[in-house]
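data-v4.cif, holding mmCIF, C-alpha atoms:
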data_model
loop_
_atom_site.label_atom_id
_atom_site.label_comp_id
_atom_site.auth_asym_id
_atom_site.auth_seq_id
_atom_site.Cartn_x
_atom_site.Cartn_y
_atom_site.Cartn_z
CA MET A 1 0.00 0.00 0.00
CA ILE A 2 1.51 3.32 -1.10
CA ARG A 3 0.76 6.49 0.87
CA THR A 4 0.56 9.66 -1.19
CA ILE A 5 1.16 13.14 0.23
CA PRO A 6 0.06 16.34 -1.56
CA LEU A 7 2.92 18.38 -3.02
CA LEU A 8 2.43 21.33 -0.63
CA HIS A 9 2.57 19.08 2.46
CA ARG A 10 5.64 17.33 1.08
CA ARG A 11 7.40 20.65 0.57
CA ILE A 12 6.55 21.81 4.10
CA ALA A 13 7.95 18.52 5.46
CA VAL A 14 11.13 18.96 3.38
CA VAL A 15 11.63 22.48 4.77
CA ALA A 16 11.08 21.16 8.30
CA GLN A 17 13.43 18.24 7.74
CA LEU A 18 16.28 20.27 6.30
CA GLY A 19 15.65 23.34 8.43
CA CYS A 20 15.41 21.82 11.93
CA TYR A 21 19.12 21.56 12.73
CA PRO A 22 20.18 24.86 11.11
CA VAL A 23 17.34 26.75 12.86
CA PHE A 24 18.18 25.27 16.26
CA LEU A 25 21.88 25.86 15.57
CA LEU A 26 21.07 29.52 14.94
CA LEU A 27 18.86 29.73 18.05
CA ALA A 28 21.58 28.09 20.15
CA CYS A 29 24.14 30.61 18.86
CA ILE A 30 21.93 33.68 19.29
CA PHE A 31 20.17 32.90 22.58
CA ASP A 32 22.89 30.76 24.11
CA MET A 33 20.41 27.89 24.62
CA SER A 34 21.40 24.58 26.20
CA SER A 35 22.91 22.33 23.55
CA ASP A 36 21.18 19.24 25.01
CA LEU A 37 17.78 20.84 24.64
CA THR A 38 18.38 22.12 21.09
CA ASN A 39 19.88 18.77 20.05
CA VAL A 40 16.85 16.85 21.27
CA LEU A 41 14.33 19.29 19.77
CA ALA A 42 16.08 19.33 16.40
CA LEU A 43 16.36 15.54 16.37
CA LEU A 44 12.65 15.18 17.15
CA GLY A 45 11.81 17.60 14.34
CA VAL A 46 13.93 15.69 11.82
CA ILE A 47 12.54 12.31 12.90
CA ALA A 48 8.93 13.52 12.73
CA SER A 49 9.29 15.19 9.32
CA SER A 50 11.27 12.24 7.90
CA ALA A 51 8.70 9.72 9.12
CA TYR A 52 5.88 11.80 7.61
CA LEU A 53 7.76 12.20 4.33
CA TYR A 54 9.14 8.70 3.81
CA TYR A 55 6.91 6.22 5.63
CA LYS A 56 5.30 4.08 2.92
CA THR A 57 5.55 6.83 0.30
CA GLY A 58 8.31 5.17 -1.75
CA LEU A 59 10.26 8.44 -1.80
CA TRP A 60 13.19 7.10 0.21
CA GLN A 61 13.39 4.04 -2.03
CA PHE A 62 13.14 6.30 -5.09
CA GLY A 63 16.15 8.24 -3.89
CA ASN A 64 18.28 5.38 -2.64
CA ALA A 65 17.33 2.00 -4.12
CA PRO A 66 19.60 0.28 -6.67
CA ASP A 67 18.87 1.02 -10.33
CA GLU A 68 17.24 -2.41 -10.84
CA GLN A 69 14.47 -1.48 -8.39
CA VAL A 70 13.41 1.75 -10.12
CA ASP A 71 12.29 2.39 -13.68
CA GLU A 72 13.91 4.43 -16.47
CA ARG A 73 12.06 7.68 -15.68
CA GLN A 74 12.90 7.39 -12.00
CA ILE A 75 16.58 6.77 -12.80
CA GLN A 76 16.60 9.89 -14.98
CA ILE A 77 14.89 12.05 -12.35
CA ARG A 78 17.09 10.61 -9.61
CA ASN A 79 20.26 11.41 -11.56
CA GLN A 80 19.04 15.00 -11.82
CA ALA A 81 18.35 15.06 -8.08
CA TYR A 82 21.87 13.77 -7.33
CA ARG A 83 23.33 16.45 -9.59
CA PHE A 84 21.33 19.19 -7.83
CA ALA A 85 22.29 17.74 -4.44
CA TYR A 86 25.97 17.76 -5.37
CA MET A 87 25.77 21.31 -6.70
CA GLY A 88 23.80 22.45 -3.64
CA LEU A 89 26.21 20.91 -1.16
CA SER A 90 29.25 22.26 -3.03
CA THR A 91 27.73 25.74 -3.02
CA LEU A 92 26.87 25.55 0.69
CA ALA A 93 30.37 24.28 1.54
CA LEU A 94 31.91 27.14 -0.43
CA LEU A 95 29.66 29.74 1.21
CA PHE A 96 30.45 28.29 4.64
CA VAL A 97 34.19 28.50 4.01
CA ILE A 98 33.81 32.13 2.87
CA TYR A 99 31.69 32.85 5.98
CA LEU A 100 34.31 31.28 8.25
CA THR A 101 37.05 33.34 6.63
CA LEU A 102 35.09 36.56 7.09
CA ALA A 103 33.79 35.62 10.54
CA HIS A 104 37.32 35.58 11.89
CA ASP A 105 38.02 39.11 10.63
CA PHE A 106 34.64 40.63 11.51
CA ARG A 107 34.13 38.69 14.76
CA TRP A 108 30.87 37.08 13.61
CA ILE A 109 29.40 34.08 15.42
CA VAL A 110 31.08 30.84 14.37
CA PRO A 111 28.76 27.83 14.72
CA THR A 112 30.39 24.75 16.19
CA GLY A 113 29.45 21.54 18.00
CA ASN A 114 27.01 18.69 17.53
CA LEU A 115 24.29 20.75 15.89
CA LEU A 116 26.61 21.80 13.07
CA VAL A 117 27.76 18.22 12.51
CA TRP A 118 24.17 16.93 12.45
CA SER A 119 23.04 19.77 10.16
CA VAL A 120 25.61 18.64 7.63
CA MET A 121 24.91 14.94 8.18
CA THR A 122 21.15 15.40 7.70
CA LEU A 123 21.74 17.40 4.55
CA VAL A 124 24.14 14.83 3.08
CA LEU A 125 21.95 11.87 3.99
CA VAL A 126 18.55 13.10 2.87
CA LEU A 127 19.18 15.71 0.19
CA PRO A 128 18.58 13.57 -2.95
CA SER A 129 15.34 12.12 -1.52
CA ALA A 130 14.32 15.55 -0.25
CA ILE A 131 14.81 17.02 -3.73
CA LEU A 132 12.65 14.24 -5.18
CA ALA A 133 9.98 14.87 -2.54
CA TRP A 134 10.08 18.55 -3.45
CA THR A 135 9.90 18.09 -7.23
CA GLU A 136 7.72 15.04 -7.94
CA THR A 137 4.32 16.23 -9.09
CA ASP A 138 1.08 14.75 -7.73
CA VAL A 139 -0.32 11.91 -9.84
CA MET B 1 18.96 15.82 -22.47
CA LYS B 2 15.51 17.09 -23.38
CA GLY B 3 14.24 15.99 -26.78
CA GLU B 4 11.28 17.03 -28.88
CA LYS B 5 7.86 16.25 -27.42
CA ILE B 6 6.45 12.83 -28.27
CA TYR B 7 2.67 12.52 -28.35
CA ASN B 8 0.94 9.25 -27.48
CA ARG B 9 -2.41 7.48 -27.17
CA ILE B 10 -1.60 5.54 -24.04
CA ALA B 11 -4.50 6.94 -21.99
CA VAL B 12 -7.12 6.14 -24.65
CA LEU B 13 -5.75 2.69 -25.39
CA ARG B 14 -5.44 1.84 -21.72
CA GLU B 15 -9.03 2.93 -20.99
CA GLU B 16 -10.26 1.01 -24.03
CA ARG B 17 -8.69 -2.17 -22.70
CA GLY B 18 -10.02 -1.59 -19.20
CA LEU B 19 -6.58 -1.43 -17.67
CA SER B 20 -5.67 0.66 -14.65
CA ARG B 21 -2.37 2.56 -14.60
CA LYS B 22 -1.07 -0.01 -12.15
CA ASP B 23 -2.06 -2.93 -14.45
CA LEU B 24 -0.34 -1.36 -17.43
CA ALA B 25 2.70 -0.44 -15.33
CA ASP B 26 3.02 -4.04 -14.13
CA LYS B 27 2.80 -5.34 -17.72
CA VAL B 28 5.68 -3.15 -18.91
CA GLY B 29 7.69 -3.19 -15.68
CA VAL B 30 7.57 0.46 -14.63
CA ASN B 31 6.18 2.40 -11.68
CA PHE B 32 2.47 3.33 -12.03
CA GLN B 33 3.38 7.01 -11.69
CA THR B 34 5.52 6.73 -14.81
CA ILE B 35 2.39 5.75 -16.78
CA GLY B 36 0.77 8.98 -15.55
CA TYR B 37 3.78 11.01 -16.67
CA LEU B 38 3.68 9.29 -20.09
CA GLU B 39 -0.06 9.90 -20.49
CA ARG B 40 0.33 13.59 -19.69
CA GLY B 41 3.23 13.86 -22.14
CA GLU B 42 5.60 14.90 -19.35
CA TYR B 43 8.04 12.10 -20.08
CA ASN B 44 9.35 10.68 -23.36
CA PRO B 45 9.85 6.92 -23.07
CA SER B 46 12.93 5.02 -24.19
CA LEU B 47 12.61 3.01 -27.40
CA ASP B 48 12.54 -0.13 -25.27
CA LEU B 49 9.57 1.06 -23.19
CA ALA B 50 7.77 2.39 -26.28
CA MET B 51 8.08 -1.03 -27.94
CA ASP B 52 6.88 -2.81 -24.80
CA LEU B 53 3.81 -0.56 -24.62
CA SER B 54 3.05 -1.15 -28.30
CA VAL B 55 3.26 -4.91 -27.75
CA VAL B 56 0.84 -4.67 -24.79
CA PHE B 57 -1.66 -2.75 -26.95
CA GLY B 58 -1.03 -5.03 -29.96
CA LEU B 59 -0.48 -2.06 -32.25
CA PRO B 60 2.42 -0.79 -34.37
CA VAL B 61 4.55 1.69 -32.44
CA GLU B 62 3.65 4.54 -34.83
CA LEU B 63 -0.03 4.19 -33.85
CA VAL B 64 0.82 4.63 -30.19
CA PHE B 65 3.52 7.32 -30.43
CA SER B 66 4.03 10.24 -32.78
CA ARG B 67 6.06 13.42 -33.17
CA GLN B 68 2.87 15.19 -34.33
CA PRO B 69 -0.26 15.66 -32.20
CA MET B 70 -2.34 12.48 -32.44
CA ARG B 71 -5.24 12.19 -34.87
CA LEU B 72 -8.32 10.06 -34.14
CA LEU B 73 -7.43 6.37 -34.10
CA SER B 74 -10.28 5.62 -36.55
CA GLU B 75 -8.73 8.09 -39.06
CA GLU B 76 -5.32 6.49 -38.64
CA LEU B 77 -6.70 3.00 -39.19
CA ALA B 78 -8.63 4.14 -42.30
CA ASN B 79 -5.40 5.64 -43.68
CA LEU B 80 -3.52 2.44 -42.92
CA LYS B 81 -6.18 0.38 -44.74
CA ASN B 82 -6.07 2.71 -47.76
CA LYS B 83 -2.29 2.37 -47.94
CA GLN B 84 -2.53 -1.42 -47.80
CA SER B 85 -5.23 -1.70 -50.54
#
Now, as a test, write the supplied structure out as structure tokens.
Amino acid sequence: MIRTIPLLHRRIAVVAQLGCYPVFLLLACIFDMSSDLTNVLALLGVIASSAYLYYKTGLWQFGNAPDEQVDERQIQIRNQAYRFAYMGLSTLALLFVIYLTLAHDFRWIVPTGNLLVWSVMTLVLVLPSAILAWTETDV
Amino acid sequence: MKGEKIYNRIAVLREERGLSRKDLADKVGVNFQTIGYLERGEYNPSLDLAMDLSVVFGLPVELVFSRQPMRLLSEELANLKNKQS
């Protein structure tokens, strides 16, 4: 049984999934919140949005299954998603390096710790599937 | 690589044969959503998939797919008969 989610709901879940860690990272930096609390809240947000997005929807399989388990259109779309993911991550990495360089000179806040690591990990792990969830039209 | 649009009669032929998208997808070994994309003209199939679909419908591939917008199937068949006679 396949569960279908309307495009708008999928997009909201993608924003929540990818935004949880960075938002809590920002809040932790600005308001000096406890890292345990922000870690747990961000993790809960990612788990909830991922479960909503991927449970029985086939989107995770679409993004990660071997080629033999998806059809020719899905392979084509998935290749595009991987390309976008690679370009997106490269751009973010570049921007982050530029930010770090400037942050030292201008004394801006430099994010560190678990939240930063998990922000990057979440992005790397889910980005292709998240792009597919964002772009696949409703059938 | 995006090619020229390919028109098709998949929706009509599928309905005519009383097949659901899932049934047709299972027969040609693709995801049911891919049939939807094909029917809406949002995806151009590979030659392999086009041939498989033609075999399922029991029609020549040029009656199922075309570079030009599709004419009525009855017109096409009449033309085909005229050519043969």
Write out as a PyMOL selection string each polymer residue whose atoms come within 10 Å of Met70 in chain B, counting only C-alpha atoms; drop sequence neighbours fewer than 3 positions from it. chain B and resi 6-9+63-67+73+76
Using all atoms listed in the file, tabulate the residues of chain A lying at most 8 Å from any atom of chain B, each with its closest atom pair and that distance in Å to one decimal, by chain and increasing residue number, as a tab-separated table.
residue	atom	partner	partner_atom	distance
A:Val70	CA	B:Asn31	CA	7.4
A:Asp71	CA	B:Val30	CA	5.2
A:Glu72	CA	B:Val30	CA	7.7
A:Arg73	CA	B:Thr34	CA	6.7
A:Gln74	CA	B:Thr34	CA	7.9
A:Val139	CA	B:Gln33	CA	6.4
Kindly resolve the PyMOL selection byres ((chain A and resi 8) around 12) on the present coordinates and return the residues as an MDAnalysis selection string. chainID A and resid 4:7 9:15 53 133:138
Work out how far CA of Pro69 in chain B is from CA of Val56 in chain B, in Å to one decimal.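 Calculated distance between CA of Val56 in chain B and CA of Pro69 in chain B is 21.7 Å.
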I'd like the interatomic distance between CA of Asp52 in chain B and CA of Tyr82 in chain A, to a tenth of an Å.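 Separation of CA of Asp52 in chain B and CA of Tyr82 in chain A: 28.4 Å.
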Hey, which of B:Arg40, B:Ala25, B:Gln68, B:Gln84 ends up closest to Val12 in chain B? Count all atoms listed in the file.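 The shortest atom-to-atom distance to Val12 in chain B comes from B:Arg40.
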